[in-house]
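What follows is the content of protein23.txt (compact mmCIF, C-alpha atoms and all ligand atoms).
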# COMPACT_ATOMS: atom_id res chain seq x y z
CA MET T 1 17.85 4.95 7.83
CA ALA T 2 19.96 4.86 4.77
CA TYR T 3 18.67 7.61 2.58
CA SER T 4 20.37 6.99 -0.68
CA ILE T 5 18.37 4.12 -2.05
CA LEU T 6 14.91 3.27 -1.25
CA ILE T 7 11.79 2.14 -2.48
CA ILE T 8 8.25 2.38 -3.05
CA PHE T 9 5.81 1.92 -5.73
CA SER T 10 3.63 -0.76 -6.91
CA LEU T 11 0.49 -2.70 -6.75
CA ALA T 12 -1.69 -4.99 -8.34
CA CYS T 13 -2.28 -6.96 -5.55
CA LEU T 14 -1.47 -10.49 -5.25
CA PHE T 15 -3.20 -12.31 -7.94
CA THR T 16 -2.79 -10.58 -11.19
CA GLY T 17 -3.14 -13.77 -12.99
CA SER T 18 -3.71 -14.50 -16.55
CA GLU T 19 -6.96 -16.24 -15.67
CA GLY T 20 -8.15 -12.83 -14.69
CA ALA T 21 -9.71 -10.87 -17.52
CA TRP T 22 -10.55 -8.30 -14.93
CA SER T 23 -9.81 -4.63 -15.14
CA TYR T 24 -10.40 -1.24 -13.59
CA GLY T 25 -12.12 0.04 -16.72
CA GLU T 26 -15.65 -0.26 -18.06
CA THR T 27 -15.04 -3.66 -19.59
CA ASN T 28 -14.55 -6.30 -16.91
CA GLY T 29 -14.46 -3.49 -14.35
CA PRO T 30 -15.09 -3.66 -10.59
CA SER T 31 -18.87 -3.94 -10.92
CA THR T 32 -18.40 -7.22 -12.79
CA TRP T 33 -15.69 -8.82 -10.65
CA ALA T 34 -18.15 -10.82 -8.55
CA ASN T 35 -19.40 -12.60 -11.67
CA THR T 36 -16.10 -14.43 -11.88
CA TYR T 37 -14.91 -14.01 -8.31
CA PRO T 38 -17.91 -14.45 -5.97
CA ALA T 39 -15.99 -13.31 -2.90
CA CYS T 40 -15.98 -9.78 -4.36
CA ALA T 41 -19.65 -9.57 -3.35
CA GLY T 42 -18.92 -10.48 0.28
CA SER T 43 -19.85 -8.52 3.38
CA MET T 44 -16.32 -7.70 4.55
CA GLN T 45 -14.85 -6.12 1.46
CA SER T 46 -12.18 -3.45 1.11
CA PRO T 47 -11.55 -0.59 0.64
CA ILE T 48 -13.95 1.31 2.88
CA PRO T 49 -14.45 4.97 3.78
CA LEU T 50 -12.78 5.86 7.08
CA PHE T 51 -13.94 8.65 9.33
CA THR T 52 -12.68 9.86 12.66
CA THR T 53 -16.28 10.54 13.66
CA ASN T 54 -17.83 7.10 13.32
CA THR T 55 -14.98 4.89 14.41
CA SER T 56 -14.07 4.16 17.98
CA ILE T 57 -10.83 4.67 19.82
CA ASP T 58 -9.46 1.46 21.29
CA LEU T 59 -7.52 2.37 24.40
CA THR T 60 -5.91 -1.05 24.48
CA LEU T 61 -4.44 -0.61 21.00
CA ALA T 62 -0.89 0.74 20.72
CA LYS T 63 1.12 2.24 17.88
CA PHE T 64 3.88 0.27 16.21
CA ALA T 65 7.48 1.11 17.07
CA SER T 66 10.60 0.94 14.96
CA THR T 67 11.67 -1.90 17.23
CA SER T 68 8.66 -3.87 16.02
CA PHE T 69 10.58 -4.59 12.83
CA THR T 70 13.44 -7.01 12.48
CA SER T 71 16.48 -5.41 10.92
CA SER T 72 17.11 -8.07 8.34
CA THR T 73 17.95 -7.31 4.74
CA PRO T 74 16.13 -9.17 1.95
CA THR T 75 18.23 -11.48 -0.17
CA ALA T 76 16.57 -10.24 -3.34
CA SER T 77 14.21 -7.54 -4.56
CA THR T 78 12.55 -6.91 -7.89
CA ILE T 79 10.16 -4.34 -9.29
CA LYS T 80 7.56 -5.50 -11.79
CA ASN T 81 4.84 -4.05 -13.98
CA THR T 82 1.97 -6.45 -13.30
CA GLY T 83 -0.44 -4.71 -15.60
CA TYR T 84 -2.41 -3.61 -12.56
CA SER T 85 0.36 -1.78 -10.75
CA LEU T 86 4.02 -1.59 -9.98
CA MET T 87 5.03 -4.14 -7.38
CA VAL T 88 8.23 -4.54 -5.39
CA SER T 89 8.69 -8.15 -4.28
CA LEU T 90 11.11 -9.17 -1.57
CA THR T 91 12.75 -12.44 -0.70
CA GLY T 92 13.36 -12.47 3.03
CA GLY T 93 11.16 -9.60 4.14
CA TYR T 94 10.96 -8.58 7.79
CA THR T 95 8.58 -10.35 10.14
CA LEU T 96 6.25 -8.67 12.62
CA SER T 97 5.65 -10.95 15.58
CA THR T 98 2.48 -11.70 17.48
CA SER T 99 1.68 -8.66 19.55
CA THR T 100 -1.11 -7.92 21.97
CA ALA T 101 -0.30 -4.22 21.72
CA GLN T 102 -1.43 -4.12 18.10
CA LYS T 103 -3.80 -7.10 18.41
CA LEU T 104 -1.72 -8.99 15.89
CA THR T 105 -2.29 -12.71 16.30
CA GLY T 106 0.40 -14.50 14.36
CA ASN T 107 3.75 -13.74 12.78
CA TYR T 108 3.49 -11.84 9.53
CA GLN T 109 6.26 -11.55 6.93
CA LEU T 110 6.53 -8.79 4.34
CA GLU T 111 6.15 -10.24 0.85
CA GLN T 112 5.70 -7.25 -1.43
CA PHE T 113 4.50 -3.69 -1.64
CA HIS T 114 2.64 -1.90 -4.39
CA LEU T 115 0.82 1.32 -5.20
CA HIS T 116 -2.64 2.40 -6.36
CA TRP T 117 -3.02 5.79 -8.04
CA GLY T 118 -5.38 8.03 -9.98
CA ASP T 119 -4.75 10.33 -12.92
CA ASN T 120 -4.23 14.02 -13.55
CA THR T 121 -7.76 14.92 -12.47
CA THR T 122 -8.60 12.63 -9.58
CA GLY T 123 -6.96 10.90 -6.66
CA GLY T 124 -6.41 7.19 -6.59
CA SER T 125 -6.20 6.11 -2.97
CA GLU T 126 -8.41 3.12 -2.26
CA HIS T 127 -9.53 4.04 1.23
CA THR T 128 -10.71 7.56 1.92
CA LEU T 129 -10.12 9.50 5.12
CA ASN T 130 -12.86 11.89 6.19
CA ASP T 131 -14.09 11.95 2.59
CA VAL T 132 -10.64 12.80 1.22
CA ARG T 133 -9.29 10.63 -1.58
CA TYR T 134 -5.54 11.09 -1.70
CA PHE T 135 -3.31 11.00 -4.78
CA SER T 136 -2.43 7.39 -4.14
CA GLU T 137 -2.21 4.60 -1.59
CA LEU T 138 0.72 2.34 -0.78
CA HIS T 139 0.11 -1.23 0.39
CA PHE T 140 2.57 -3.42 2.26
CA VAL T 141 1.47 -7.05 1.99
CA HIS T 142 2.34 -9.46 4.81
CA ARG T 143 1.75 -13.23 4.95
CA ASN T 144 1.01 -15.16 8.12
CA THR T 145 4.06 -17.41 8.35
CA LYS T 146 2.01 -20.38 9.45
CA TYR T 147 0.88 -20.59 5.83
CA SER T 148 3.51 -21.59 3.32
CA ASP T 149 2.65 -19.30 0.44
CA MET T 150 0.49 -16.35 -0.53
CA ALA T 151 -2.25 -18.35 -2.24
CA THR T 152 -2.70 -20.55 0.82
CA ALA T 153 -2.68 -17.58 3.17
CA ALA T 154 -5.20 -15.66 1.09
CA ALA T 155 -7.71 -18.45 1.58
CA GLN T 156 -7.55 -18.20 5.38
CA PRO T 157 -9.27 -15.58 7.56
CA ASP T 158 -6.00 -14.83 9.38
CA GLY T 159 -3.81 -15.27 6.34
CA LEU T 160 -2.80 -11.73 5.43
CA MET T 161 -2.03 -8.40 7.03
CA PHE T 162 -1.77 -5.13 5.09
CA PHE T 163 -0.27 -1.79 5.97
CA ALA T 164 -1.88 1.04 3.98
CA PHE T 165 -0.40 4.51 3.65
CA PHE T 166 -2.05 7.45 1.99
CA VAL T 167 0.24 9.35 -0.41
CA GLN T 168 -0.13 13.04 -1.16
CA ASP T 169 1.84 15.15 -3.64
CA ASN T 170 2.37 18.23 -1.50
CA SER T 171 6.07 18.14 -0.73
CA PHE T 172 8.49 20.75 -2.04
CA PHE T 173 11.21 18.11 -2.14
CA ASP T 174 11.31 14.68 -3.71
CA ASN T 175 10.61 11.87 -1.29
CA LEU T 176 13.94 10.08 -1.08
CA GLN T 177 12.37 6.72 -0.33
CA ILE T 178 10.72 6.90 -3.72
CA ALA T 179 13.61 8.54 -5.51
CA GLY T 180 15.61 5.33 -5.28
CA LEU T 181 12.88 3.50 -7.16
CA THR T 182 11.88 5.90 -9.88
CA GLN T 183 15.17 5.32 -11.68
CA PHE T 184 13.87 1.86 -12.53
CA LEU T 185 10.60 2.98 -14.09
CA PRO T 186 12.03 2.88 -17.64
CA ASN T 187 12.71 -0.81 -17.04
CA VAL T 188 9.09 -1.59 -16.19
CA THR T 189 7.25 0.52 -18.72
CA PHE T 190 5.23 -2.36 -20.16
CA LEU T 191 3.22 -5.32 -18.91
CA ASN T 192 5.22 -8.08 -17.19
CA GLU T 193 8.53 -6.26 -17.37
CA GLU T 194 10.55 -6.93 -14.22
CA VAL T 195 14.00 -5.91 -13.08
CA ALA T 196 16.16 -6.63 -10.05
CA ILE T 197 16.75 -3.70 -7.74
CA PRO T 198 19.32 -3.21 -4.97
CA VAL T 199 18.40 -4.69 -1.62
CA VAL T 200 18.30 -2.43 1.40
CA PRO T 201 17.44 -3.18 5.03
CA ASN T 202 13.77 -3.98 5.22
CA TYR T 203 12.70 -1.24 7.52
CA ASN T 204 14.08 1.38 5.14
CA HIS T 205 11.18 0.63 2.83
CA VAL T 206 8.59 1.47 5.43
CA PRO T 207 7.29 5.05 5.64
CA SER T 208 7.89 6.78 8.95
CA ALA T 209 4.12 7.09 9.38
CA VAL T 210 4.16 3.44 10.45
CA VAL T 211 4.95 4.51 14.01
CA GLY T 212 1.94 6.85 14.03
CA ASP T 213 -1.77 6.48 14.60
CA TYR T 214 -3.85 4.08 12.57
CA PHE T 215 -7.24 2.55 11.86
CA ARG T 216 -7.59 -1.23 12.23
CA TYR T 217 -10.29 -3.43 10.72
CA LYS T 218 -10.92 -6.79 9.06
CA GLY T 219 -11.44 -6.74 5.32
CA SER T 220 -10.38 -8.18 2.01
CA LEU T 221 -8.01 -8.00 -0.89
CA THR T 222 -8.96 -5.07 -3.10
CA THR T 223 -8.33 -7.04 -6.27
CA PRO T 224 -9.88 -10.30 -7.48
CA GLY T 225 -10.38 -12.76 -5.92
CA CYS T 226 -11.27 -10.34 -3.10
CA GLN T 227 -10.64 -12.95 -0.38
CA GLU T 228 -11.72 -11.76 3.07
CA SER T 229 -8.42 -12.66 4.65
CA VAL T 230 -6.85 -9.29 5.40
CA LEU T 231 -6.26 -7.53 8.69
CA TRP T 232 -5.88 -3.88 7.69
CA TYR T 233 -3.84 -1.20 9.42
CA VAL T 234 -4.50 2.11 7.64
CA PHE T 235 -2.16 4.83 8.87
CA GLN T 236 -3.50 8.29 9.47
CA THR T 237 -0.44 10.34 8.50
CA PRO T 238 0.03 10.52 4.73
CA VAL T 239 3.35 10.03 2.98
CA SER T 240 4.36 13.18 1.15
CA ILE T 241 5.94 13.14 -2.30
CA SER T 242 6.69 15.92 -4.79
CA ALA T 243 4.49 16.87 -7.71
CA ALA T 244 7.33 15.86 -10.02
CA GLN T 245 7.26 12.36 -8.57
CA ALA T 246 3.48 12.15 -8.80
CA ASN T 247 3.65 13.29 -12.42
CA LEU T 248 5.59 10.15 -13.30
CA LEU T 249 2.36 8.24 -12.75
CA ARG T 250 -0.63 10.54 -13.16
CA TYR T 251 -0.21 11.42 -16.84
CA GLY T 252 -0.12 7.85 -18.08
CA ASN T 253 2.88 8.37 -20.31
CA SER T 254 5.44 6.22 -18.56
CA ILE T 255 3.68 3.08 -17.27
CA TYR T 256 1.33 0.94 -19.35
CA SER T 257 -0.94 -1.97 -18.50
CA SER T 258 -0.36 -3.52 -21.90
CA ALA T 259 2.71 -4.94 -23.58
CA ASP T 260 2.45 -2.64 -26.58
CA GLY T 261 2.02 0.68 -24.82
CA SER T 262 -1.55 1.14 -26.01
CA THR T 263 -3.14 1.33 -22.56
CA PRO T 264 -1.83 3.72 -19.90
CA LEU T 265 -1.91 2.37 -16.37
CA LEU T 266 -4.14 4.83 -14.51
CA ASN T 267 -6.91 4.78 -11.91
CA ASN T 268 -6.00 1.34 -10.57
CA TYR T 269 -8.14 1.64 -7.45
CA ARG T 270 -11.30 -0.19 -6.42
CA PRO T 271 -14.43 1.83 -5.53
CA LEU T 272 -15.41 2.07 -1.87
CA GLN T 273 -17.22 -0.90 -0.37
CA ASP T 274 -19.92 -1.00 2.30
CA PRO T 275 -18.36 -1.06 5.78
CA GLY T 276 -21.52 -2.67 7.15
CA ASN T 277 -21.43 -3.09 10.90
CA ARG T 278 -17.78 -4.04 11.12
CA ASN T 279 -15.70 -3.03 14.10
CA ILE T 280 -13.35 -0.27 12.92
CA SER T 281 -11.06 0.89 15.69
CA ARG T 282 -8.37 3.55 15.88
CA THR T 283 -5.48 4.41 18.15
CA PHE T 284 -6.12 8.10 18.49
CA SER T 285 -8.61 10.42 20.10
CA PHE T 286 -11.04 12.29 17.92
CA GLY T 287 -9.42 15.45 16.63
CA SER T 288 -5.92 14.59 17.75
CA ALA T 289 -3.05 14.92 15.36
CA SER T 290 -5.22 14.58 12.30
CA PHE T 291 -3.44 17.19 10.27
CA GLN T 292 0.09 17.08 11.53
CA SER T 293 1.32 15.25 8.52
CA SER T 294 2.54 17.90 6.14
CA SER T 295 4.81 19.79 8.46
CA TYR T 296 6.08 16.60 10.01
CA HIS T 297 7.13 15.19 6.71
CA LEU T 298 8.58 18.41 5.42
CA VAL T 299 10.87 18.53 8.41
CA ALA T 300 11.78 14.89 7.96
CA ILE T 301 12.53 15.36 4.29
CA CYS T 302 14.68 18.42 5.01
CA ILE T 303 16.71 16.41 7.48
CA MET T 304 17.09 13.62 4.97
CA PHE T 305 18.16 16.08 2.28
CA VAL T 306 20.81 17.62 4.50
CA ALA T 307 22.01 14.20 5.54
CA SER T 308 22.37 13.09 1.96
CA VAL T 309 24.41 16.16 1.06
CA LEU T 310 26.82 15.97 3.98
ZN ZN X 401 -3.28 -2.98 -3.03

Just give me the structure as structure tokens.
Amino acid sequence: MAYSILIIFSLACLFTGSEGAWSYGETNGPSTWANTYPACAGSMQSPIPLFTTNTSIDLTLAKFASTSFTSSTPTASTIKNTGYSLMVSLTGGYTLSTSTAQKLTGNYQLEQFHLHWGDNTTGGSEHTLNDVRYFSELHFVHRNTKYSDMATAAAQPDGLMFFAFFVQDNSFFDNLQIAGLTQFLPNVTFLNEEVAIPVVPNYNHVPSAVVGDYFRYKGSLTTPGCQESVLWYVFQTPVSISAAQANLLRYGNSIYSSADGSTPLLNNYRPLQDPGNRNISRTFSFGSASFQSSSYHLVAICIMFVASVL
């Protein structure tokens, strides 16, 4: 991996449109979304609470490998304040091919990634893991390449595939994947601001946790219109960032959902939805490797730090 520049950050999901008048607040908040977007009241909505105790291991399901990702480099990347999140969009993202090992039916191309977060008192991950709500959650959005664009794909049951990573602020060191992005935050302080960022090989954007254990289930977009078109892979091992990096978001003094700086962008996560009787599978045995994350990432970050100094 190239450590010097990298990415992360964003959200809003796909359709942050002006037709929206939706929000995460009390006015036009999540409890009202279904009034305008009926799919938000569906039976396969996301996010959901995840537990190691009431999901089932699927012995036929395998982890992803670094070789699962093409090594192409996007031709362009931008970071944008959508009013609902910060979103990094890519032109020419990697493609994950049909794979029986991960039960991925179709070829899925990375389109964008974005972040959900809380504030200085509460976490802002969308899913929860064993009742833990992490500081934030990172979403990688992939489109089934048999559909020509995101809007078309979102209307199909096999249209989209998301990677979700929990993010926790427990690292002594800055996360270098994020450090390459935070320099651009002053350029996207206000609604609809967007700036080009350097392109790096696709896989360098993806947290190392992607080769670890995960939960897999069928769900929806977590923003209106809440289309039930998403195959979710939620990775068990959180991404670790420093408190200083988390502070750039949690105090609401650097990113705003409005053009005039009157409304801090905070708590951009949807409340938990009813899992119902959906099949939620996982790659790992109960109790295995659940809490390996912190030490693993600390070692990884140390190695990256040394590598960047040499
Ligand atoms: Zn999202």

Ligand ZN 401 (chain X): which residues are within 12 Å, counting all atoms listed in the file, as a PDB file with C-alpha atoms, in the frame of the given file?
ATOM      1  CA  PHE T   9       5.810   1.920  -5.730  1.00  0.00           C
ATOM      2  CA  SER T  10       3.630  -0.760  -6.910  1.00  0.00           C
ATOM      3  CA  LEU T  11       0.490  -2.700  -6.750  1.00  0.00           C
ATOM      4  CA  ALA T  12      -1.690  -4.990  -8.340  1.00  0.00           C
ATOM      5  CA  CYS T  13      -2.280  -6.960  -5.550  1.00  0.00           C
ATOM      6  CA  LEU T  14      -1.470 -10.490  -5.250  1.00  0.00           C
ATOM      7  CA  PHE T  15      -3.200 -12.310  -7.940  1.00  0.00           C
ATOM      8  CA  THR T  16      -2.790 -10.580 -11.190  1.00  0.00           C
ATOM      9  CA  SER T  46     -12.180  -3.450   1.110  1.00  0.00           C
ATOM     10  CA  PRO T  47     -11.550  -0.590   0.640  1.00  0.00           C
ATOM     11  CA  TYR T  84      -2.410  -3.610 -12.560  1.00  0.00           C
ATOM     12  CA  SER T  85       0.360  -1.780 -10.750  1.00  0.00           C
ATOM     13  CA  LEU T  86       4.020  -1.590  -9.980  1.00  0.00           C
ATOM     14  CA  MET T  87       5.030  -4.140  -7.380  1.00  0.00           C
ATOM     15  CA  VAL T  88       8.230  -4.540  -5.390  1.00  0.00           C
ATOM     16  CA  GLN T 112       5.700  -7.250  -1.430  1.00  0.00           C
ATOM     17  CA  PHE T 113       4.500  -3.690  -1.640  1.00  0.00           C
ATOM     18  CA  HIS T 114       2.640  -1.900  -4.390  1.00  0.00           C
ATOM     19  CA  LEU T 115       0.820   1.320  -5.200  1.00  0.00           C
ATOM     20  CA  HIS T 116      -2.640   2.400  -6.360  1.00  0.00           C
ATOM     21  CA  TRP T 117      -3.020   5.790  -8.040  1.00  0.00           C
ATOM     22  CA  GLY T 124      -6.410   7.190  -6.590  1.00  0.00           C
ATOM     23  CA  SER T 125      -6.200   6.110  -2.970  1.00  0.00           C
ATOM     24  CA  GLU T 126      -8.410   3.120  -2.260  1.00  0.00           C
ATOM     25  CA  HIS T 127      -9.530   4.040   1.230  1.00  0.00           C
ATOM     26  CA  SER T 136      -2.430   7.390  -4.140  1.00  0.00           C
ATOM     27  CA  GLU T 137      -2.210   4.600  -1.590  1.00  0.00           C
ATOM     28  CA  LEU T 138       0.720   2.340  -0.780  1.00  0.00           C
ATOM     29  CA  HIS T 139       0.110  -1.230   0.390  1.00  0.00           C
ATOM     30  CA  PHE T 140       2.570  -3.420   2.260  1.00  0.00           C
ATOM     31  CA  VAL T 141       1.470  -7.050   1.990  1.00  0.00           C
ATOM     32  CA  HIS T 142       2.340  -9.460   4.810  1.00  0.00           C
ATOM     33  CA  MET T 161      -2.030  -8.400   7.030  1.00  0.00           C
ATOM     34  CA  PHE T 162      -1.770  -5.130   5.090  1.00  0.00           C
ATOM     35  CA  PHE T 163      -0.270  -1.790   5.970  1.00  0.00           C
ATOM     36  CA  ALA T 164      -1.880   1.040   3.980  1.00  0.00           C
ATOM     37  CA  PHE T 165      -0.400   4.510   3.650  1.00  0.00           C
ATOM     38  CA  PHE T 166      -2.050   7.450   1.990  1.00  0.00           C
ATOM     39  CA  SER T 220     -10.380  -8.180   2.010  1.00  0.00           C
ATOM     40  CA  LEU T 221      -8.010  -8.000  -0.890  1.00  0.00           C
ATOM     41  CA  THR T 222      -8.960  -5.070  -3.100  1.00  0.00           C
ATOM     42  CA  THR T 223      -8.330  -7.040  -6.270  1.00  0.00           C
ATOM     43  CA  PRO T 224      -9.880 -10.300  -7.480  1.00  0.00           C
ATOM     44  CA  CYS T 226     -11.270 -10.340  -3.100  1.00  0.00           C
ATOM     45  CA  VAL T 230      -6.850  -9.290   5.400  1.00  0.00           C
ATOM     46  CA  TRP T 232      -5.880  -3.880   7.690  1.00  0.00           C
ATOM     47  CA  VAL T 234      -4.500   2.110   7.640  1.00  0.00           C
ATOM     48  CA  ASN T 268      -6.000   1.340 -10.570  1.00  0.00           C
ATOM     49  CA  TYR T 269      -8.140   1.640  -7.450  1.00  0.00           C
ATOM     50  CA  ARG T 270     -11.300  -0.190  -6.420  1.00  0.00           C
TER      51      ARG T 270
END

I need the residue nearest Ser229 of chain T from this list: T:Thr189, T:Ser89, T:Gln45, T:Ser285. Use all atoms listed in the file for the distance.
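Ranked by minimum distance to Ser229 of chain T, first place goes to T:Gln45.
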
Env of segment 53-61 of chain T: 9 Å cut, atoms = all atoms listed in the file, seq-sep filter 4 positions within chain, self excluded. Answer as an MDAnalysis selection string.
chainID T and resid 100:103 130 215 279:287

Find the distance between atom CA of Thr75 of chain T and atom CA of Thr91 of chain T and write it in Å to one decimal.
5.6 Å

Could you tell me how far atom CA of Leu50 of chain T lies from atom CA of Leu160 of chain T, in Å and to one decimal?
20.3 Å

Determine the nearest neighbour of Leu265 of chain T from the options T:Tyr251, T:Trp22, T:Tyr217, T:Phe51, counting all atoms listed in the file.
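Looking at the shortest contact to Leu265 of chain T, the residue is T:Tyr251.
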
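Every residue within 8 Å of the file position (5.6, 2.7, -19.0), judged by all atoms listed in the file, is given as Leu185, Pro186, Val188, Thr189, Phe190, Gly252, Asn253, Ser254, Ile255, Tyr256, Gly261, Pro264 and Leu265 of chain T.
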
Which polymer residues have any atom within 10 Å of an atom of Gly42 of chain T, counting only C-alpha atoms, with same-chain residues fewer than 4 positions away left out, as a ChimeraX atom specification?
/T:34,38,46,219-220,226-228,273-274

Computed interatomic separation between atom CA of Pro198 of chain T and atom CA of Leu176 of chain T (Å)
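Distance between the two atoms: 14.9 Å.
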
Which of these, T:Cys40, T:Thr82, T:Thr70, T:Pro238, has the shortest distance to Ser171 of chain T once you count all atoms listed in the file?
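Of T:Cys40, T:Thr82, T:Thr70, T:Pro238, the one nearest Ser171 of chain T, counting all atoms listed in the file, is T:Pro238.
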
Counting only C-alpha atoms, which of T:Leu266, T:Ala209, T:Leu96, T:Ile241 gets nearest to Leu110 of chain T?
T:Leu96

Tell me which of T:Thr121, T:Ser258, T:Asn267, T:Thr73 sits closest to Asn204 of chain T, counting all atoms listed in the file.
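Among T:Thr121, T:Ser258, T:Asn267, T:Thr73, it is T:Thr73 that comes nearest to Asn204 of chain T.
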
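Take the candidates T:Ala179, T:Met150, T:Val199, T:Val167 and check each one against Val132 of chain T using only C-alpha atoms; the shortest distance goes to T:Val167.
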